[in-house]
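Peer 1: File run_9.cif below, mmCIF, C-alpha atoms:
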data_model
loop_
_atom_site.label_atom_id
_atom_site.label_comp_id
_atom_site.auth_asym_id
_atom_site.auth_seq_id
_atom_site.Cartn_x
_atom_site.Cartn_y
_atom_site.Cartn_z
CA MET A 24 121.11 117.12 109.33
CA ALA A 25 124.52 117.95 110.75
CA GLU A 26 125.48 116.13 113.93
CA ASN A 27 125.27 119.21 116.16
CA PRO A 28 123.52 121.90 114.08
CA LEU A 29 123.41 125.52 115.13
CA VAL A 30 119.84 126.64 115.91
CA SER A 31 118.96 130.34 115.65
CA VAL A 32 116.31 131.43 118.15
CA ILE A 33 114.81 134.79 117.17
CA VAL A 34 112.97 136.77 119.86
CA PRO A 35 111.39 140.13 118.90
CA VAL A 36 111.27 142.43 121.95
CA TYR A 37 108.88 145.34 122.54
CA LYS A 38 107.42 146.67 125.82
CA VAL A 39 107.65 143.40 127.76
CA GLU A 40 109.72 144.42 130.82
CA ARG A 41 107.62 142.28 133.11
CA PHE A 42 108.06 139.07 131.10
CA LEU A 43 111.38 139.41 129.25
CA ASP A 44 113.69 137.85 131.85
CA GLU A 45 111.48 134.79 132.19
CA CYS A 46 111.34 134.35 128.42
CA VAL A 47 115.09 134.71 127.84
CA ALA A 48 115.87 132.45 130.79
CA SER A 49 113.73 129.73 129.23
CA VAL A 50 115.71 130.06 125.98
CA THR A 51 119.16 130.11 127.55
CA GLY A 52 118.13 127.18 129.77
CA GLN A 53 117.58 124.81 126.85
CA THR A 54 119.06 121.34 127.25
CA TYR A 55 120.38 121.70 123.69
CA ARG A 56 123.25 124.17 123.98
CA ASN A 57 124.37 125.00 120.42
CA LEU A 58 122.17 128.06 120.04
CA GLU A 59 122.42 131.47 118.47
CA ILE A 60 119.96 133.70 120.35
CA LEU A 61 118.94 136.91 118.59
CA LEU A 62 117.10 139.43 120.77
CA VAL A 63 115.62 142.00 118.40
CA ASP A 64 114.91 145.23 120.28
CA ASP A 65 112.20 146.80 118.13
CA GLY A 66 112.73 150.32 119.45
CA SER A 67 111.16 149.44 122.80
CA PRO A 68 110.58 152.64 124.85
CA ASP A 69 110.96 150.96 128.24
CA GLY A 70 113.82 149.15 129.97
CA CYS A 71 113.89 146.25 127.50
CA PRO A 72 116.89 147.49 125.44
CA ALA A 73 119.09 147.63 128.55
CA MET A 74 117.78 144.26 129.73
CA CYS A 75 118.70 142.71 126.36
CA ASP A 76 122.24 144.12 126.60
CA GLU A 77 122.59 142.75 130.13
CA TRP A 78 121.59 139.28 128.91
CA ALA A 79 124.14 139.49 126.08
CA ALA A 80 126.85 140.36 128.60
CA ARG A 81 125.98 137.23 130.61
CA ASP A 82 125.64 134.72 127.75
CA SER A 83 127.96 134.74 124.74
CA ARG A 84 125.33 133.00 122.60
CA ILE A 85 123.13 136.09 122.72
CA ARG A 86 123.33 138.89 120.15
CA VAL A 87 121.18 142.01 120.41
CA ILE A 88 119.82 143.84 117.40
CA HIS A 89 118.70 147.38 118.22
CA LYS A 90 116.44 148.90 115.56
CA PRO A 91 113.74 151.57 115.19
CA ASN A 92 110.23 150.39 115.87
CA GLY A 93 108.71 148.68 112.87
CA GLY A 94 106.36 146.09 114.33
CA LEU A 95 106.55 142.34 114.89
CA SER A 96 107.01 141.41 111.23
CA ASP A 97 109.82 143.91 110.74
CA ALA A 98 111.59 142.66 113.87
CA ARG A 99 111.31 139.04 112.76
CA ASN A 100 112.64 139.94 109.32
CA ALA A 101 115.61 141.72 110.92
CA GLY A 102 116.43 138.70 113.06
CA LEU A 103 116.03 136.31 110.14
CA ALA A 104 118.40 138.40 108.00
CA GLN A 105 121.17 138.20 110.61
CA SER A 106 120.66 134.57 111.63
CA THR A 107 123.35 132.03 110.72
CA GLY A 108 121.92 128.79 112.12
CA GLU A 109 120.98 125.67 110.15
CA TYR A 110 117.56 125.79 111.82
CA VAL A 111 115.39 128.74 112.85
CA TYR A 112 112.94 129.04 115.72
CA PHE A 113 110.80 132.08 116.58
CA ALA A 114 109.64 132.80 120.15
CA ASP A 115 107.54 135.68 121.47
CA SER A 116 109.12 137.70 124.26
CA ASP A 117 106.16 137.49 126.64
CA ASP A 118 105.95 133.67 126.48
CA THR A 119 108.19 130.86 127.74
CA ILE A 120 109.44 127.63 126.20
CA ASP A 121 110.01 124.17 127.66
CA PRO A 122 113.67 123.36 128.47
CA HIS A 123 113.57 120.42 126.01
CA LEU A 124 111.95 122.21 123.07
CA VAL A 125 114.96 122.43 120.77
CA GLU A 126 116.35 119.02 121.75
CA ASP A 127 113.00 117.26 121.26
CA CYS A 128 112.45 118.96 117.91
CA LEU A 129 115.86 118.00 116.53
CA ASN A 130 115.45 114.42 117.76
CA ALA A 131 112.05 114.17 116.06
CA LEU A 132 113.42 115.52 112.77
CA ALA A 133 116.16 112.89 112.80
CA GLN A 134 113.99 110.00 113.99
CA TYR A 135 111.21 110.55 111.43
CA ASP A 136 113.37 111.86 108.58
CA ALA A 137 111.35 115.09 108.50
CA ASP A 138 112.25 118.67 107.71
CA LEU A 139 109.49 120.42 109.68
CA VAL A 140 108.48 119.62 113.25
CA MET A 141 105.39 120.84 115.11
CA PHE A 142 104.34 120.38 118.72
CA LYS A 143 101.63 121.21 121.25
CA PHE A 144 101.35 124.30 123.44
CA ASP A 145 99.39 125.40 126.48
CA THR A 146 98.22 128.79 127.73
CA ILE A 147 99.29 130.66 130.85
CA SER A 148 98.06 133.76 132.66
CA GLU A 149 100.02 136.97 133.17
CA ASN A 150 101.14 135.49 136.49
CA GLY A 151 102.28 132.25 134.88
CA ARG A 152 99.40 130.02 135.97
CA THR A 153 98.30 127.33 133.51
CA LEU A 154 94.89 128.09 132.01
CA LEU A 155 92.28 125.78 130.56
CA SER A 156 92.31 125.89 126.75
CA ASP A 157 90.84 123.90 123.90
CA TYR A 158 92.76 124.41 120.64
CA LYS A 159 92.20 122.05 117.72
CA HIS A 160 95.95 122.28 117.16
CA ASN A 161 96.48 120.23 120.33
CA ASP A 162 93.88 117.60 119.49
CA PHE A 163 96.24 114.67 118.86
CA ASP A 164 97.93 112.16 121.15
CA GLU A 165 100.21 110.22 118.81
CA VAL A 166 103.00 111.19 116.43
CA GLN A 167 101.65 112.34 113.07
CA ILE A 168 103.48 112.27 109.74
CA LEU A 169 102.07 114.57 107.05
CA THR A 170 102.82 115.52 103.47
CA PRO A 171 102.93 119.26 102.66
CA GLN A 172 99.49 119.00 101.02
CA GLU A 173 98.05 117.31 104.13
CA GLY A 174 99.68 119.92 106.33
CA ILE A 175 98.23 122.78 104.29
CA LYS A 176 94.75 121.27 104.38
CA ALA A 177 94.97 120.81 108.15
CA GLN A 178 96.16 124.39 108.64
CA VAL A 179 93.50 125.94 106.41
CA LYS A 180 90.82 123.95 108.27
CA SER A 181 92.26 125.29 111.58
CA GLU A 182 93.44 121.86 112.70
CA ILE A 183 96.96 123.32 112.77
CA ASP A 184 97.26 126.84 114.21
CA GLY A 185 99.21 129.52 112.40
CA TYR A 186 101.64 130.34 115.20
CA PHE A 187 105.29 130.52 114.15
CA TRP A 188 106.39 129.59 117.65
CA ALA A 189 104.57 126.23 117.29
CA PHE A 190 107.18 124.68 114.98
CA LEU A 191 110.88 124.54 114.11
CA ALA A 192 112.06 124.66 110.49
CA PRO A 193 115.30 124.64 108.47
CA ALA A 194 116.76 128.06 107.68
CA SER A 195 116.67 127.09 103.99
CA THR A 196 112.86 127.12 104.13
CA TYR A 197 113.08 130.86 104.66
CA LYS A 198 116.28 131.92 102.93
CA ASP A 199 115.95 129.84 99.74
CA HIS A 200 112.39 130.99 98.97
CA ASP A 201 112.50 134.79 99.28
CA PHE A 202 110.52 134.61 102.51
CA SER A 203 109.55 137.67 104.55
CA PHE A 204 106.81 138.61 107.00
CA PRO A 205 104.36 141.33 105.83
CA VAL A 206 105.40 144.60 107.47
CA GLY A 207 102.80 147.00 108.81
CA ARG A 208 100.10 144.38 109.26
CA LYS A 209 98.80 142.12 112.01
CA ILE A 210 97.76 138.47 111.56
CA GLU A 211 101.17 137.98 109.96
CA ASP A 212 101.46 134.36 111.09
CA MET A 213 98.41 133.21 109.16
CA ALA A 214 99.61 135.12 106.10
CA ARG A 215 102.84 133.11 105.92
CA ILE A 216 102.32 129.78 107.72
CA CYS A 217 101.48 127.86 104.55
CA ASN A 218 104.65 129.18 102.89
CA VAL A 219 106.62 127.25 105.49
CA ILE A 220 104.45 124.14 105.40
CA GLY A 221 104.43 124.13 101.60
CA GLU A 222 108.21 124.18 101.26
CA SER A 223 108.70 121.14 103.48
CA THR A 224 108.86 117.58 102.20
CA ARG A 225 107.86 115.66 105.31
CA ILE A 226 106.18 117.03 108.47
CA VAL A 227 106.22 115.43 111.91
CA ARG A 228 103.89 116.48 114.74
CA ILE A 229 104.91 115.35 118.21
CA PRO A 230 102.34 115.19 121.07
CA LYS A 231 104.45 117.15 123.56
CA VAL A 232 103.58 120.51 125.15
CA LEU A 233 106.73 122.52 124.50
CA TYR A 234 105.50 126.13 124.48
CA HIS A 235 103.68 128.26 127.04
CA TYR A 236 101.56 130.92 125.37
CA ARG A 237 100.76 133.81 127.69
CA LEU A 238 97.31 135.40 127.41
CA ARG A 239 97.54 139.00 128.55
CA GLN A 240 96.05 142.42 128.10
CA GLY A 241 97.86 144.60 125.59
CA SER A 242 98.88 141.80 123.24
CA ILE A 243 98.35 142.30 119.50
CA THR A 244 95.03 140.44 119.31
CA ALA A 245 93.74 141.11 122.83
CA THR A 246 91.82 144.23 121.87
CA LEU A 247 89.00 144.53 119.36
CA ASP A 248 90.16 146.69 116.47
CA PRO A 249 88.09 147.37 113.35
CA LYS A 250 91.30 147.33 111.27
CA LEU A 251 91.87 143.69 112.23
CA ASN A 252 89.07 142.79 109.84
CA ARG A 253 91.10 144.13 106.93
CA ASP A 254 94.28 142.36 108.06
CA TRP A 255 92.40 139.06 108.44
CA ARG A 256 91.22 139.36 104.84
CA ARG A 257 94.65 140.19 103.52
CA ALA A 258 96.24 137.32 105.45
CA ALA A 259 93.67 134.86 104.09
CA ASP A 260 94.22 136.16 100.55
CA ASP A 261 98.00 135.83 100.91
CA ARG A 262 97.58 132.26 102.06
CA GLU A 263 95.23 131.41 99.20
CA GLU A 264 97.52 133.01 96.60
CA TYR A 265 100.54 131.00 97.77
CA VAL A 266 98.70 127.66 97.98
CA GLU A 267 97.06 127.95 94.56
CA ARG A 268 100.37 128.95 92.95
CA ARG A 269 102.48 126.30 94.70
CA TYR A 270 99.87 123.50 94.75
CA PRO A 271 97.34 124.16 91.96
CA GLU A 272 95.69 120.80 92.68
CA LEU A 273 94.36 122.37 95.90
CA LYS A 274 92.61 125.26 94.15
CA SER A 275 89.05 123.93 94.55
CA PHE A 276 89.75 123.03 98.16
CA MET A 277 91.05 126.54 98.88
CA LYS A 278 88.03 128.23 97.28
CA MET A 279 85.67 126.26 99.50
CA GLN A 280 87.69 126.89 102.65
CA GLN A 281 88.04 130.59 101.86
CA LEU A 282 84.29 130.88 101.42
CA ASN A 283 83.74 129.28 104.81
CA PHE A 284 86.42 131.49 106.40
CA PHE A 285 85.10 134.77 105.01
CA ALA A 286 81.47 133.90 105.74
CA ASN A 287 82.36 133.26 109.39
CA LEU A 288 84.53 136.37 109.55
CA ASP A 289 81.76 138.48 108.04
CA TYR A 290 79.21 137.13 110.50
CA GLU A 291 81.57 138.00 113.36
CA THR A 292 82.05 141.50 111.91
CA ILE A 293 78.29 142.08 111.90
CA ARG A 294 77.91 140.65 115.42
CA GLN A 295 80.69 142.80 116.87
CA SER A 296 79.44 145.90 115.11
CA ILE A 297 75.97 145.51 116.62
CA ILE A 298 77.10 144.53 120.12
CA THR A 299 80.06 146.86 120.62
CA GLY A 300 79.28 149.63 118.16
CA LEU A 301 82.56 149.20 116.26
CA LYS A 302 82.92 151.66 113.42
CA ILE A 303 83.65 149.19 110.62
CA ASP A 304 84.72 150.95 107.45
CA PRO A 305 81.83 150.55 104.96
CA GLU A 306 84.35 150.05 102.14
CA ASP A 307 85.90 147.16 104.08
CA ALA A 308 82.45 145.67 104.58
CA ASP A 309 81.71 146.09 100.88
CA ALA A 310 84.98 144.37 99.95
CA MET A 311 84.07 141.49 102.24
CA ARG A 312 80.66 141.02 100.62
CA ARG A 313 82.15 141.11 97.13
CA ARG A 314 84.78 138.56 98.15
CA ILE A 315 82.05 136.23 99.44
CA GLU A 316 80.04 136.68 96.25
CA GLY A 317 83.04 135.80 94.09
CA LEU A 318 83.97 132.77 96.15
CA THR A 319 80.38 131.55 96.06
CA ARG A 320 80.40 131.68 92.26
CA ASP A 321 83.77 129.89 92.13
CA VAL A 322 82.61 127.14 94.47
CA GLU A 323 79.38 126.56 92.59
CA GLY A 324 81.42 125.69 89.53
CA SER A 325 83.96 123.45 91.26
CA ASP A 326 83.98 119.80 92.29
CA GLU A 327 83.98 120.68 96.01
CA GLU A 328 80.65 120.11 97.76
CA MET A 329 79.59 122.99 99.98
CA PRO A 330 79.13 121.82 103.61
CA GLN A 331 75.65 122.25 105.00
CA ALA A 332 77.00 124.43 107.81
CA THR A 333 78.43 126.87 105.25
CA ARG A 334 75.16 127.02 103.34
CA GLU A 335 73.29 127.74 106.55
CA LEU A 336 75.76 130.47 107.49
CA LEU A 337 75.40 132.15 104.09
CA ASP A 338 71.61 131.99 104.46
CA LEU A 339 71.91 133.57 107.89
CA LEU A 340 74.07 136.39 106.53
CA THR A 341 71.57 137.03 103.75
CA ARG A 342 68.66 137.10 106.20
CA SER A 343 70.56 139.51 108.42
CA MET A 344 70.96 141.83 105.47
CA ASP A 345 67.26 141.46 104.55
CA GLU A 346 66.11 142.38 108.04
CA ALA A 347 68.22 145.53 108.05
CA LEU A 348 67.43 146.73 104.54
CA ASP A 349 64.68 145.25 102.37
CA ASP A 350 66.35 145.94 99.05
CA VAL A 351 69.70 144.43 100.08
CA LYS A 352 69.40 140.74 99.31
CA ASP A 353 71.63 138.29 97.49
CA SER A 354 73.63 141.00 95.74
CA PHE A 355 74.90 142.61 98.99
CA GLN A 356 74.63 146.05 97.36
CA ASP A 357 74.38 149.45 99.00
CA VAL A 358 76.46 148.34 101.98
CA ARG A 359 76.99 151.86 103.25
CA GLU A 360 73.25 152.32 103.78
CA TYR A 361 73.11 148.87 105.34
CA TRP A 362 75.63 149.82 108.02
CA HIS A 363 73.74 153.06 108.69
CA GLN A 364 70.59 150.99 109.15
CA LEU A 365 72.30 148.58 111.53
CA ARG A 366 73.64 151.41 113.65
CA ALA A 367 70.21 153.09 113.68
CA VAL A 368 68.53 149.85 114.79
CA TRP A 369 71.15 149.39 117.48
CA ALA A 370 70.73 152.97 118.74
CA GLN A 371 66.91 152.70 118.72
CA LYS A 372 67.07 149.46 120.68
CA ALA A 373 69.38 151.06 123.22
CA THR A 374 66.92 153.98 123.63
CA GLU A 375 64.00 151.60 124.10
CA ASN A 376 65.92 149.55 126.65
CA LYS A 377 66.79 152.71 128.59
CA ALA A 378 63.16 153.87 128.63
CA GLU A 379 61.99 150.46 129.80
CA ALA A 380 64.60 150.41 132.57
CA GLU A 381 63.56 153.88 133.77
CA ALA A 382 59.88 152.84 133.81
CA ARG A 383 60.69 149.72 135.81
CA ALA A 384 62.74 151.77 138.26
CA GLU A 385 59.86 154.23 138.74
CA GLU A 386 57.39 151.41 139.35
CA LYS A 387 59.69 149.86 141.92
CA ALA A 388 60.08 153.20 143.72
CA GLU A 389 56.30 153.66 143.88
CA ALA A 390 55.84 150.12 145.22
CA ARG A 391 58.47 150.70 147.91
CA ALA A 392 56.75 153.95 148.99
CA ARG A 393 53.36 152.23 149.15
CA ARG A 394 54.71 149.35 151.21
CA LYS A 395 56.36 151.80 153.59
CA ALA A 396 53.10 153.75 154.03
CA LEU A 397 51.12 150.57 154.64
CA LYS A 398 53.62 149.35 157.19
CA GLU A 399 53.62 152.64 159.09
CA ALA A 400 49.81 152.82 159.05
CA THR A 401 49.43 149.40 160.63
CA GLN A 402 51.89 149.98 163.47
CA PRO A 403 50.40 149.91 167.03
CA GLY A 404 49.46 153.37 168.19
CA ALA A 405 48.76 154.71 164.73
CA GLY A 406 45.27 155.75 165.92
CA LEU A 407 43.30 153.44 163.62
CA SER A 408 40.20 151.50 164.63
CA HIS A 409 40.28 147.74 164.67
CA ALA A 410 38.26 147.64 161.43
CA ASP A 411 40.60 150.16 159.75
CA MET A 412 43.67 148.20 160.80
CA LYS A 413 42.11 145.01 159.49
CA ALA A 414 41.47 146.71 156.13
CA TRP A 415 45.06 148.01 155.98
CA GLU A 416 46.44 144.57 156.81
CA GLU A 417 44.41 143.02 154.00
CA ALA A 418 45.63 145.71 151.61
CA TRP A 419 49.21 145.06 152.77
CA ASP A 420 48.83 141.32 152.17
CA GLU A 421 47.48 141.95 148.67
CA SER A 422 50.37 144.32 147.83
#
Once more with this new file: its structure as structure tokens, please.
Peer 2:
Amino acid sequence: MAENPLVSVIVPVYKVERFLDECVASVTGQTYRNLEILLVDDGSPDGCPAMCDEWAARDSRIRVIHKPNGGLSDARNAGLAQSTGEYVYFADSDDTIDPHLVEDCLNALAQYDADLVMFKFDTISENGRTLLSDYKHNDFDEVQILTPQEGIKAQVKSEIDGYFWAFLAPASTYKDHDFSFPVGRKIEDMARICNVIGESTRIVRIPKVLYHYRLRQGSITATLDPKLNRDWRRAADDREEYVERRYPELKSFMKMQQLNFFANLDYETIRQSIITGLKIDPEDADAMRRRIEGLTRDVEGSDEEMPQATRELLDLLTRSMDEALDDVKDSFQDVREYWHQLRAVWAQKATENKAEAEARAEEKAEARARRKALKEATQPGAGLSHADMKAWEEAWDES
């Protein structure tokens, strides 16, 4: 590492007027000063382009890239192509970073002779308040040193999250390996995280919270979208393809982990479809089932033992299919009809629930009317005999 290396900080910008100043201020306020800050205006339709230009006028380290809208991946690729630093760091424009992030990362790289550094993060609200969170990524309290293989295994098992803002890496990791983010898709971080981990030689994880991840409405993953299912699958397949090509010794491990991942994803797809009525493309559902079938066959012939939890999940998926359609069992065939059946069951249940609610409401109305009549009949001066009033009071007590 050079004595005072230039660090390129790439910040894609799109429709974040409310948060942009706070984000850029946290970058320009770094204790480490030798920065190249690239604000990539991804065709933002609000005031963000002008705000970026104003920041560039105030700080000579800032360069603004104005481009037509192409999505997060396209913006990151544009910033990466124009970066000149020895190290690269990506930040999201609605989040903030700790003042010591870059300095602490560079110190850790030098101290532990590493070429990839990771750190903890916390979550904040739209108003900047710290929120409670429980990410496996943050579940360590001492410095960790990992090999690339150990890092990949931890990431695939979700012990390391796939956020590109959760680590700092050499520019050579990207530029010497034909790296690019997948354009036109979401879940791009998971699709490429192992490409970065796999090209390192020594990874250090430091137990410091250096990034503040803002949870807000309108973010890429904040809204349920049936198309996300497809992008999750493609991201997982990209990750598997890279790992098996770069580290063939991890092939059996990846097959097992992919099976567990897709089984859980498929279960969530079914659950969301029933609860929220999402219109999942039957062809996407069919592709998911076929992927699970293939992985199951691969795993059965490998040296990886299937965890009991995975077996139970696969059994649960199969039973769910059986309940919806008798002739859809282990083969997962005729998925289109299966989804029609699920939607029909869901609609029938909703109709039954509505009828039951209306019946209960009618019963309650009748009971209220009866209680009112009884109360009025037993009031003094109602003209009833003592015996009649006694009978009404007894009836009232019973009601």
Peer 1: Which residue, A:Glu316, A:Met213, A:Ala396, A:Ile229, has the smallest gap to Asn130 of chain A when you use all atoms listed in the file?
Peer 2: A:Ile229
Peer 1: Using all atoms listed in the file, determine which residues lie at most 9 Å from Val140 of chain A, disregarding the query and same-chain residues fewer than 6 positions distant; provide the list as a VMD selection string.
Peer 2: chain A and resid 128 to 129 131 to 132 189 to 192 225 to 229
Peer 1: When you count all atoms listed in the file, which of these residues is closest to Ile220 of chain A: A:Gly207, A:Tyr112, A:Ile175, A:Leu238?
Peer 2: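 Smallest separation from Ile220 of chain A among the options: A:Ile175.
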Peer 1: Please report the interatomic distance between atom CA of Lys159 of chain A and atom CA of Tyr186 of chain A in Å with one decimal.
Peer 2: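 Rounded to one decimal, the two atoms are 12.8 Å apart.
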Peer 1: Quick one, how far is atom CA of Glu40 of chain A from atom CA of Trp78 of chain A?
Peer 2: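 Atom-to-atom, atom CA of Glu40 of chain A and atom CA of Trp78 of chain A are spaced 13.1 Å apart.
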Peer 1: To one decimal place, how far is atom CA of Glu272 of chain A from atom CA of Ile183 of chain A in Å?
Peer 2: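 Atom CA of Ile183 of chain A lies at a distance of 20.3 Å from atom CA of Glu272 of chain A.
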Peer 1: Which residues, written as a compact mmCIF listing (two decimals) with C-alpha atoms, in the frame of the given file, have at least one atom at most 6 Å from segment 58-66 of chain A, with all atoms listed in the file counted and residues fewer than 4 positions away on the same chain left out?
Peer 2:
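Wrote it out as selection.txt, contents follow:
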# COMPACT_ATOMS: atom_id res chain seq x y z
CA LEU A 29 123.41 125.52 115.13
CA VAL A 30 119.84 126.64 115.91
CA SER A 31 118.96 130.34 115.65
CA VAL A 32 116.31 131.43 118.15
CA ILE A 33 114.81 134.79 117.17
CA VAL A 34 112.97 136.77 119.86
CA PRO A 35 111.39 140.13 118.90
CA VAL A 36 111.27 142.43 121.95
CA TYR A 37 108.88 145.34 122.54
CA PRO A 72 116.89 147.49 125.44
CA ARG A 84 125.33 133.00 122.60
CA ILE A 85 123.13 136.09 122.72
CA ARG A 86 123.33 138.89 120.15
CA VAL A 87 121.18 142.01 120.41
CA ILE A 88 119.82 143.84 117.40
CA HIS A 89 118.70 147.38 118.22
CA LYS A 90 116.44 148.90 115.56
CA PRO A 91 113.74 151.57 115.19
CA ASN A 92 110.23 150.39 115.87
CA ALA A 98 111.59 142.66 113.87
Peer 1: Once the PyMOL selection byres ((chain A and resi 165) around 8) has been applied to the shown file, what residues remain in the selection, as JSON, numbers by chain?
Peer 2: {"A": [163, 164, 166, 167, 229, 230]}
Peer 1: Around all listed atoms of segment 265-274 of chain A, padded 4 Å per side, what centre and edge lengths does the axis-aligned box have in Å to one decimal, as lines of an AutoDock Vina configuration file?
Peer 2:
center_x = 97.5
center_y = 125.9
center_z = 95.0
size_x = 17.9
size_y = 18.2
size_z = 14.0
Peer 1: Restricting the calculation to only C-alpha atoms, which member of A:Ala380, A:Ile168, A:Leu154, A:Ala114 is positioned closest to Asp136 of chain A?
Peer 2: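 Answer, going by the shortest atom-to-atom distance: A:Ile168.
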Peer 1: Counting all atoms listed in the file, which of A:Ile147, A:Val111, A:Ala133, A:Cys217 gets nearest to Tyr197 of chain A?
Peer 2: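 The answer is A:Val111, which sits nearest to Tyr197 of chain A.
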Peer 1: What residues come out when you apply the PyMOL selection byres ((chain A and resi 123) around 9) to this file, written as a VMD selection string?
Peer 2: chain A and resid 52 to 55 120 to 122 124 to 128 233
Peer 1: Tell me which of A:Ala259, A:Leu155, A:Val232, A:Ala104 sits closest to Arg215 of chain A, counting all atoms listed in the file.
Peer 2: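 For Arg215 of chain A, the nearest of the candidates is A:Ala259.
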Peer 1: Applying 9 Å and all atoms listed in the file, which residues near Ala258 of chain A remain after dropping the ones on its own chain fewer than 6 positions away? List them as a compact mmCIF listing (two decimals) with C-alpha atoms, keeping the file's coordinate frame.
Peer 2:
# COMPACT_ATOMS: atom_id res chain seq x y z
CA ARG A 208 100.10 144.38 109.26
CA LYS A 209 98.80 142.12 112.01
CA ILE A 210 97.76 138.47 111.56
CA GLU A 211 101.17 137.98 109.96
CA ASP A 212 101.46 134.36 111.09
CA MET A 213 98.41 133.21 109.16
CA ALA A 214 99.61 135.12 106.10
CA ARG A 215 102.84 133.11 105.92
Peer 1: Using only C-alpha atoms, which of A:Phe276, A:Tyr270, A:Phe144, A:Phe202 sits nearest Asp118 of chain A?
Peer 2: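 Between A:Phe276, A:Tyr270, A:Phe144, A:Phe202, the residue approaching Asp118 of chain A most closely is A:Phe144.
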Peer 1: Selection in question (the file shown): the PyMOL selection byres ((chain A and resi 150) around 10). Which residues does it include, as a PyMOL selection string?
Peer 2: chain A and resi 41-42+147-149+151-153+237-239
Peer 1: Rebuild segment 267-278 of chain A to N, CA, C and O atoms - output it as a PDB file, keeping the file's coordinate frame, please.
Peer 2:
ATOM      1  N   GLU A 267      97.516 128.221  95.923  1.00  0.00           N
ATOM      2  CA  GLU A 267      97.060 127.950  94.560  1.00  0.00           C
ATOM      3  C   GLU A 267      98.212 128.034  93.557  1.00  0.00           C
ATOM      4  O   GLU A 267      98.209 127.334  92.543  1.00  0.00           O
ATOM      5  N   ARG A 268      99.200 128.870  93.850  1.00  0.00           N
ATOM      6  CA  ARG A 268     100.370 128.950  92.950  1.00  0.00           C
ATOM      7  C   ARG A 268     101.296 127.761  93.155  1.00  0.00           C
ATOM      8  O   ARG A 268     101.780 127.175  92.176  1.00  0.00           O
ATOM      9  N   ARG A 269     101.531 127.371  94.401  1.00  0.00           N
ATOM     10  CA  ARG A 269     102.480 126.300  94.700  1.00  0.00           C
ATOM     11  C   ARG A 269     101.863 124.920  94.522  1.00  0.00           C
ATOM     12  O   ARG A 269     102.534 123.981  94.097  1.00  0.00           O
ATOM     13  N   TYR A 270     100.566 124.786  94.846  1.00  0.00           N
ATOM     14  CA  TYR A 270      99.870 123.500  94.750  1.00  0.00           C
ATOM     15  C   TYR A 270      98.541 123.708  94.021  1.00  0.00           C
ATOM     16  O   TYR A 270      97.472 123.734  94.659  1.00  0.00           O
ATOM     17  N   PRO A 271      98.573 123.880  92.719  1.00  0.00           N
ATOM     18  CA  PRO A 271      97.340 124.160  91.960  1.00  0.00           C
ATOM     19  C   PRO A 271      96.273 123.081  92.123  1.00  0.00           C
ATOM     20  O   PRO A 271      95.089 123.357  91.925  1.00  0.00           O
ATOM     21  N   GLU A 272      96.673 121.860  92.478  1.00  0.00           N
ATOM     22  CA  GLU A 272      95.690 120.800  92.680  1.00  0.00           C
ATOM     23  C   GLU A 272      94.788 121.069  93.879  1.00  0.00           C
ATOM     24  O   GLU A 272      93.735 120.438  94.039  1.00  0.00           O
ATOM     25  N   LEU A 273      95.167 122.032  94.729  1.00  0.00           N
ATOM     26  CA  LEU A 273      94.360 122.370  95.900  1.00  0.00           C
ATOM     27  C   LEU A 273      93.471 123.589  95.662  1.00  0.00           C
ATOM     28  O   LEU A 273      92.854 124.103  96.600  1.00  0.00           O
ATOM     29  N   LYS A 274      93.359 124.038  94.434  1.00  0.00           N
ATOM     30  CA  LYS A 274      92.610 125.260  94.150  1.00  0.00           C
ATOM     31  C   LYS A 274      91.146 125.148  94.574  1.00  0.00           C
ATOM     32  O   LYS A 274      90.613 126.035  95.245  1.00  0.00           O
ATOM     33  N   SER A 275      90.459 124.073  94.185  1.00  0.00           N
ATOM     34  CA  SER A 275      89.050 123.930  94.550  1.00  0.00           C
ATOM     35  C   SER A 275      88.891 123.841  96.064  1.00  0.00           C
ATOM     36  O   SER A 275      87.961 124.419  96.641  1.00  0.00           O
ATOM     37  N   PHE A 276      89.781 123.122  96.699  1.00  0.00           N
ATOM     38  CA  PHE A 276      89.750 123.030  98.160  1.00  0.00           C
ATOM     39  C   PHE A 276      89.887 124.409  98.793  1.00  0.00           C
ATOM     40  O   PHE A 276      89.147 124.755  99.717  1.00  0.00           O
ATOM     41  N   MET A 277      90.827 125.219  98.303  1.00  0.00           N
ATOM     42  CA  MET A 277      91.050 126.540  98.880  1.00  0.00           C
ATOM     43  C   MET A 277      89.848 127.441  98.676  1.00  0.00           C
ATOM     44  O   MET A 277      89.486 128.220  99.572  1.00  0.00           O
ATOM     45  N   LYS A 278      89.205 127.388  97.519  1.00  0.00           N
ATOM     46  CA  LYS A 278      88.030 128.230  97.280  1.00  0.00           C
ATOM     47  C   LYS A 278      86.945 127.922  98.313  1.00  0.00           C
ATOM     48  O   LYS A 278      86.328 128.834  98.874  1.00  0.00           O
TER      49      LYS A 278
END
